[in-house]
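One file, protein.pdb, is given below (PDB, C-alpha atoms).
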ATOM      1  CA  ALA S   1      -1.556  -8.718  28.125
ATOM      2  CA  VAL S   2      -0.577  -5.358  26.642
ATOM      3  CA  ALA S   3       2.358  -4.999  29.023
ATOM      4  CA  ALA S   4       3.576  -8.492  28.126
ATOM      5  CA  PHE S   5       3.417  -7.577  24.457
ATOM      6  CA  PHE S   6       5.622  -4.515  24.934
ATOM      7  CA  THR S   7       8.026  -6.174  27.377
ATOM      8  CA  LYS S   8       8.468  -9.523  25.646
ATOM      9  CA  GLU S   9       7.164  -9.565  22.079
ATOM     10  CA  VAL S  10       8.437  -6.194  20.817
ATOM     11  CA  PRO S  11      12.052  -6.791  21.965
ATOM     12  CA  ASP S  12      11.956 -10.256  20.368
ATOM     13  CA  LEU S  13      10.700  -8.790  17.076
ATOM     14  CA  LEU S  14      13.365  -6.096  17.141
ATOM     15  CA  THR S  15      16.069  -8.687  17.867
ATOM     16  CA  MET S  16      14.917 -10.863  14.963
ATOM     17  CA  GLY S  17      14.874  -7.817  12.677
ATOM     18  CA  ALA S  18      18.397  -6.862  13.751
ATOM     19  CA  LYS S  19      19.649 -10.404  13.078
ATOM     20  CA  ALA S  20      18.065 -10.365   9.615
ATOM     21  CA  LEU S  21      19.706  -7.015   8.854
ATOM     22  CA  ARG S  22      23.094  -8.325  10.006
ATOM     23  CA  ARG S  23      22.798 -11.334   7.669
ATOM     24  CA  MET S  24      21.920  -9.190   4.666
ATOM     25  CA  LYS S  25      24.623  -8.215   2.236
ATOM     26  CA  LEU S  26      24.162  -4.449   2.222
ATOM     27  CA  PRO S  27      26.246  -2.288  -0.141
ATOM     28  CA  ALA S  28      29.157  -0.736   1.723
ATOM     29  CA  THR S  29      29.399   2.452  -0.315
ATOM     30  CA  TYR S  30      27.175   4.601  -2.501
ATOM     31  CA  ALA S  31      29.072   3.398  -5.575
ATOM     32  CA  ASP S  32      28.284  -0.217  -4.624
ATOM     33  CA  LEU S  33      24.634   0.750  -4.227
ATOM     34  CA  LEU S  34      24.563   2.095  -7.789
ATOM     35  CA  HIS S  35      25.921  -1.190  -9.174
ATOM     36  CA  ILE S  36      23.743  -3.761  -7.423
ATOM     37  CA  GLY S  37      22.058  -6.466  -9.456
ATOM     38  CA  GLN S  38      18.387  -7.195  -9.762
ATOM     39  CA  SER S  39      18.426 -10.037  -7.225
ATOM     40  CA  GLN S  40      20.214  -7.844  -4.674
ATOM     41  CA  ALA S  41      17.679  -5.051  -5.266
ATOM     42  CA  LEU S  42      14.823  -7.495  -4.701
ATOM     43  CA  ASP S  43      16.490  -8.626  -1.482
ATOM     44  CA  LEU S  44      16.784  -5.016  -0.313
ATOM     45  CA  ALA S  45      13.242  -3.954  -1.306
ATOM     46  CA  PRO S  46      11.392  -5.382   1.742
ATOM     47  CA  VAL S  47      13.914  -3.855   4.142
ATOM     48  CA  VAL S  48      13.711  -0.437   2.484
ATOM     49  CA  CYS S  49       9.887  -0.544   2.439
ATOM     50  CA  PHE S  50       9.797  -1.609   6.082
ATOM     51  CA  LEU S  51      12.139   1.206   7.097
ATOM     52  CA  LEU S  52      10.193   3.812   5.109
ATOM     53  CA  LEU S  53       6.891   2.635   6.548
ATOM     54  CA  GLY S  54       8.292   2.455  10.065
ATOM     55  CA  ILE S  55       9.553   6.017   9.819
ATOM     56  CA  SER S  56       6.453   7.469   8.154
ATOM     57  CA  VAL S  57       3.651   5.739  10.084
ATOM     58  CA  PRO S  58       3.855   7.807  13.299
ATOM     59  CA  PHE S  59       3.878  11.012  11.280
ATOM     60  CA  ALA S  60       1.083   9.861   8.969
ATOM     61  CA  LEU S  61      -1.200   8.778  11.801
ATOM     62  CA  LEU S  62      -0.971  12.073  13.613
ATOM     63  CA  HIS S  63      -0.543  14.426  10.667
ATOM     64  CA  ASN S  64      -2.783  17.445  10.972
ATOM     65  CA  ASP S  65      -2.500  20.611   8.945
ATOM     66  CA  GLY S  66      -3.209  22.754  12.021
ATOM     67  CA  ARG S  67      -6.186  24.601  10.534
ATOM     68  CA  ARG S  68      -9.572  24.525  12.222
ATOM     69  CA  ARG S  69     -12.781  25.728  10.759
ATOM     70  CA  LYS S  70     -14.792  28.193  12.762
ATOM     71  CA  ASP S  71     -17.800  25.880  12.820
ATOM     72  CA  ALA S  72     -15.765  22.786  13.706
ATOM     73  CA  VAL S  73     -16.820  20.592  16.601
ATOM     74  CA  ASP S  74     -14.681  20.791  19.705
ATOM     75  CA  PRO S  75     -12.146  17.923  19.358
ATOM     76  CA  SER S  76     -12.641  16.913  22.978
ATOM     77  CA  GLU S  77     -16.310  16.182  22.205
ATOM     78  CA  SER S  78     -15.875  14.196  19.013
ATOM     79  CA  TYR S  79     -14.153  11.131  17.666
ATOM     80  CA  TRP S  80     -11.746  12.991  15.397
ATOM     81  CA  LEU S  81      -8.632  11.138  16.600
ATOM     82  CA  THR S  82     -10.284   7.744  16.206
ATOM     83  CA  ARG S  83     -11.462   8.619  12.700
ATOM     84  CA  LEU S  84      -8.039   9.978  11.814
ATOM     85  CA  CYS S  85      -6.241   6.855  13.055
ATOM     86  CA  LEU S  86      -8.689   4.527  11.289
ATOM     87  CA  LEU S  87      -8.364   6.309   7.950
ATOM     88  CA  ARG S  88      -4.575   6.610   8.186
ATOM     89  CA  GLY S  89      -4.330   2.956   9.230
ATOM     90  CA  MET S  90      -6.565   1.952   6.318
ATOM     91  CA  GLY S  91      -4.232   3.905   4.034
ATOM     92  CA  LEU S  92      -1.290   1.979   5.472
ATOM     93  CA  CYS S  93      -3.013  -1.367   4.884
ATOM     94  CA  TYR S  94      -3.873  -0.443   1.303
ATOM     95  CA  LEU S  95      -0.313   0.826   0.778
ATOM     96  CA  CYS S  96       1.080  -2.568   1.776
ATOM     97  CA  GLY S  97      -1.416  -4.387  -0.448
ATOM     98  CA  PHE S  98      -0.848  -2.234  -3.509
ATOM     99  CA  MET S  99       2.948  -2.256  -3.068
ATOM    100  CA  THR S 100       2.795  -6.048  -3.013
ATOM    101  CA  SER S 101       0.654  -5.973  -6.129
ATOM    102  CA  ALA S 102       2.980  -3.549  -7.893
ATOM    103  CA  MET S 103       6.018  -5.681  -7.101
ATOM    104  CA  GLN S 104       4.633  -9.184  -7.650
ATOM    105  CA  HIS S 105       1.430  -9.421  -9.648
ATOM    106  CA  ARG S 106       2.929  -8.777 -13.059
ATOM    107  CA  ALA S 107       5.286 -11.721 -12.533
ATOM    108  CA  LEU S 108       2.420 -13.832 -11.228
ATOM    109  CA  TRP S 109      -0.512 -12.846 -13.448
ATOM    110  CA  GLY S 110       1.072 -10.970 -16.348
ATOM    111  CA  SER S 111       1.122 -12.334 -19.886
ATOM    112  CA  LYS S 112       4.450 -14.087 -19.188
ATOM    113  CA  GLY S 113       3.730 -14.800 -15.514
ATOM    114  CA  LEU S 114       3.327 -18.057 -13.645
ATOM    115  CA  GLN S 115      -0.484 -18.064 -13.993
ATOM    116  CA  PRO S 116      -1.408 -15.578 -16.721
ATOM    117  CA  VAL S 117      -4.812 -13.955 -16.442
ATOM    118  CA  GLN S 118      -7.015 -14.404 -19.432
ATOM    119  CA  ALA S 119      -8.652 -11.007 -19.906
ATOM    120  CA  ALA S 120     -11.990 -12.554 -20.875
ATOM    121  CA  PHE S 121     -14.613 -10.454 -19.179
ATOM    122  CA  PRO S 122     -16.918 -10.784 -17.358
ATOM    123  CA  LEU S 123     -15.052 -12.888 -14.814
ATOM    124  CA  GLN S 124     -16.632 -15.221 -12.260
ATOM    125  CA  ARG S 125     -16.307 -12.591  -9.544
ATOM    126  CA  PRO S 126     -16.648  -8.801  -9.815
ATOM    127  CA  SER S 127     -13.646  -6.899 -11.098
ATOM    128  CA  PRO S 128     -15.185  -3.493 -11.854
ATOM    129  CA  VAL S 129     -12.016  -1.504 -12.484
ATOM    130  CA  PHE S 130     -10.561  -3.956 -14.991
ATOM    131  CA  GLU S 131     -13.900  -4.468 -16.717
ATOM    132  CA  LEU S 132     -14.140  -0.700 -17.205
ATOM    133  CA  LEU S 133     -10.522  -0.319 -18.327
ATOM    134  CA  VAL S 134     -10.646  -3.227 -20.780
ATOM    135  CA  ARG S 135     -13.905  -1.893 -22.258
ATOM    136  CA  GLU S 136     -12.645   1.694 -22.563
ATOM    137  CA  PHE S 137      -9.028   0.952 -23.580
ATOM    138  CA  PRO S 138      -9.038  -2.344 -25.523
ATOM    139  CA  GLN S 139      -5.716  -1.587 -27.236
ATOM    140  CA  VAL S 140      -3.755  -1.284 -23.963
ATOM    141  CA  PRO S 141      -2.055  -4.551 -22.913
ATOM    142  CA  PHE S 142      -3.492  -6.110 -19.755
ATOM    143  CA  ASP S 143      -0.042  -6.088 -18.103
ATOM    144  CA  CYS S 144       0.035  -2.290 -18.334
ATOM    145  CA  LEU S 145      -3.466  -2.026 -16.895
ATOM    146  CA  LEU S 146      -2.524  -4.247 -13.959
ATOM    147  CA  GLU S 147       0.638  -2.260 -13.356
ATOM    148  CA  GLY S 148      -1.196   1.070 -13.656
ATOM    149  CA  VAL S 149      -3.934   0.078 -11.213
ATOM    150  CA  SER S 150      -1.320  -1.147  -8.734
ATOM    151  CA  TRP S 151       0.742   2.045  -8.829
ATOM    152  CA  LEU S 152      -2.362   4.251  -8.773
ATOM    153  CA  GLY S 153      -3.389   2.359  -5.648
ATOM    154  CA  VAL S 154      -0.001   3.135  -4.085
ATOM    155  CA  VAL S 155      -0.424   6.833  -4.861
ATOM    156  CA  LEU S 156      -3.997   6.973  -3.563
ATOM    157  CA  SER S 157      -3.121   5.110  -0.372
ATOM    158  CA  LEU S 158      -0.278   7.573   0.269
ATOM    159  CA  PHE S 159      -2.791  10.356  -0.367
ATOM    160  CA  LEU S 160      -5.135   8.778   2.178
ATOM    161  CA  MET S 161      -2.311   8.574   4.718
ATOM    162  CA  TRP S 162      -1.017  12.117   4.292
ATOM    163  CA  SER S 163      -3.832  14.273   2.962
ATOM    164  CA  PRO S 164      -5.898  16.527   5.201
ATOM    165  CA  ALA S 165      -8.826  16.001   2.792
ATOM    166  CA  LEU S 166     -10.427  12.858   4.184
ATOM    167  CA  THR S 167     -13.514  12.155   2.095
ATOM    168  CA  PHE S 168     -15.214   8.891   1.188
ATOM    169  CA  ILE S 169     -14.028   9.055  -2.437
ATOM    170  CA  VAL S 170     -10.441   7.871  -1.929
ATOM    171  CA  PRO S 171     -11.275   4.880   0.333
ATOM    172  CA  THR S 172     -14.059   3.847  -2.064
ATOM    173  CA  ALA S 173     -11.708   4.018  -5.055
ATOM    174  CA  LEU S 174      -9.060   2.036  -3.160
ATOM    175  CA  TRP S 175     -11.639  -0.592  -2.221
ATOM    176  CA  ALA S 176     -12.843  -0.980  -5.830
ATOM    177  CA  MET S 177      -9.283  -1.234  -7.187
ATOM    178  CA  TYR S 178      -8.189  -3.776  -4.571
ATOM    179  CA  LEU S 179     -11.385  -5.801  -5.054
ATOM    180  CA  SER S 180     -10.628  -5.870  -8.776
ATOM    181  CA  ILE S 181      -7.070  -7.076  -8.241
ATOM    182  CA  ILE S 182      -8.019  -9.753  -5.718
ATOM    183  CA  ASN S 183     -10.880 -11.101  -7.840
ATOM    184  CA  LEU S 184      -8.731 -11.554 -10.956
ATOM    185  CA  GLN S 185      -7.589 -15.029  -9.959
ATOM    186  CA  ALA S 186     -10.403 -15.977  -7.578
TER
END

Written form, structure tokens:
Amino acid sequence: AVAAFFTKEVPDLLTMGAKALRRMKLPATYADLLHIGQSQALDLAPVVCFLLLGISVPFALLHNDGRRRKDAVDPSESYWLTRLCLLRGMGLCYLCGFMTSAMQHRALWGSKGLQPVQAAFPLQRPSPVFELLVREFPQVPFDCLLEGVSWLGVVLSLFLMWSPALTFIVPTALWAMYLSIINLQA
């Protein structure tokens, strides 16, 4: 099954990606790139994100700062690689989720969006980050809070992917922020 995936599915996916890139209207020169419109930039955004993620994922998954503590467990006797891959992969998943939120949720749930969120707390489902932010900063518009939480999630997920400091604090913060975003319109 794994061999069939790499011999049949991966080449098909790469072929479809190449066809999509050929159909796109990419700027021919740097000057054209500087003068693209908003709709062209939105068309290019998924391709640029995909390329950046595709280039950075192998490095992020296996990034190690090369230092070992003297009291560290022998890597051959522990699950360090599994833990590293799970945490880096979780960072990648959160990066995709928060990038989507940063790009789309203001247009969907913002004050002038398709389905504006009424910031009447408490909501039906838990949204701890927004409840805290609205209580502590009542003068800040909800659109700015939504945007700030989304971009902070992007930064923290990149930190989780690239940082040698892998503690429980960053994944817990990412979980609470993503739970808050998802439960806004539940």

Exercise for the section: Counting all atoms listed in the file, figure out which residue out of S:Ala28, S:Leu84, S:Ala173, S:Val140 gets nearest to Met161 of chain S. Expected result: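 Selected residue with least distance to Met161 of chain S: S:Leu84.
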
Exercise for the section: Find the distance between atom CA of Arg106 of chain S and atom CA of Leu146 of chain S and write it in Å to one decimal. Expected result: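 Rounded to one decimal, the two atoms are 7.1 Å apart.
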
Problem - Selected residue, from S:Leu145, S:Tyr94, S:Ser157, S:Lys25, that lies nearest to Ser39 of chain S when counting all atoms listed in the file - result: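 Residue with the minimum atom-to-atom distance to Ser39 of chain S: S:Lys25.
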
Handout entry: Who sits within 8 Å of Pro128 of chain S, only C-alpha atoms, same chain under 2 positions skipped, as a list in words
Key =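 So the residues in contact are Pro126, Phe130, Glu131, Leu132, Ala176, Met177 and Ser180 of chain S.
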
Exercise for the section: Could you please determine the separation between atom CA of Glu147 of chain S and atom CA of His105 of chain S in Å, to one decimal place? Expected result: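 Atom-to-atom, atom CA of Glu147 of chain S and atom CA of His105 of chain S are spaced 8.1 Å apart.
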
Could you give me, as an mmCIF file with C-alpha atoms, keeping the file's coordinate frame, the residues within 12 Å of Leu152 of chain S, counting all atoms listed in the file and dropping anything in the same chain fewer than 6 positions from it?
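Okay, this is what ended up in part_15.cif:
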data_model
loop_
_atom_site.group_PDB
_atom_site.id
_atom_site.type_symbol
_atom_site.label_atom_id
_atom_site.label_comp_id
_atom_site.auth_asym_id
_atom_site.auth_seq_id
_atom_site.Cartn_x
_atom_site.Cartn_y
_atom_site.Cartn_z
ATOM 1 C CA TYR S 94 -3.873 -0.443 1.303
ATOM 2 C CA LEU S 95 -0.313 0.826 0.778
ATOM 3 C CA PHE S 98 -0.848 -2.234 -3.509
ATOM 4 C CA MET S 99 2.948 -2.256 -3.068
ATOM 5 C CA SER S 101 0.654 -5.973 -6.129
ATOM 6 C CA ALA S 102 2.980 -3.549 -7.893
ATOM 7 C CA VAL S 129 -12.016 -1.504 -12.484
ATOM 8 C CA CYS S 144 0.035 -2.290 -18.334
ATOM 9 C CA LEU S 145 -3.466 -2.026 -16.895
ATOM 10 C CA LEU S 146 -2.524 -4.247 -13.959
ATOM 11 C CA LEU S 158 -0.278 7.573 0.269
ATOM 12 C CA PHE S 159 -2.791 10.356 -0.367
ATOM 13 C CA VAL S 170 -10.441 7.871 -1.929
ATOM 14 C CA ALA S 173 -11.708 4.018 -5.055
ATOM 15 C CA LEU S 174 -9.060 2.036 -3.160
ATOM 16 C CA MET S 177 -9.283 -1.234 -7.187
ATOM 17 C CA TYR S 178 -8.189 -3.776 -4.571
#

Exercise for the section: Find the spatial neighbours of Ile36 of chain S, counting all atoms listed in the file, within a cut-off of 10 Å - ignore same-chain residues fewer than 4 positions away - and output them as a count of residues only. Expected result: 6

Practice task
State, in Å with one decimal place, the distance from atom CA of Tyr30 of chain S to atom CA of Ala18 of chain S.
Solution key: 21.7 Å

Problem - Selected residue, from S:Val117, S:Leu166, S:Val134, S:Val48, that lies nearest to Asn183 of chain S when counting only C-alpha atoms - result: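 Result for the nearest residue to Asn183 of chain S: S:Val117.
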
Practice task
May I have the residues at most 7 Å from (2.6, -7.0, -20.6) in the file's coordinates, counting only C-alpha atoms, as a list in words?
Solution key: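 Nearby residues: Gly110, Ser111, Pro141, Phe142, Asp143 and Cys144 of chain S.
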
4 Å per side around segment 85-96 of chain S: axis-aligned box centre and edge lengths, as lines of an AutoDock Vina configuration file:
center_x = -3.8
center_y = 2.1
center_z = 6.9
size_x = 17.8
size_y = 17.4
size_z = 20.3

Practice task
May I ask which of the residues S:Leu133, S:Ala20, S:Ala165, S:Ile181 is the closest one to Thr100 of chain S, counting all atoms listed in the file?
Solution key: S:Ile181
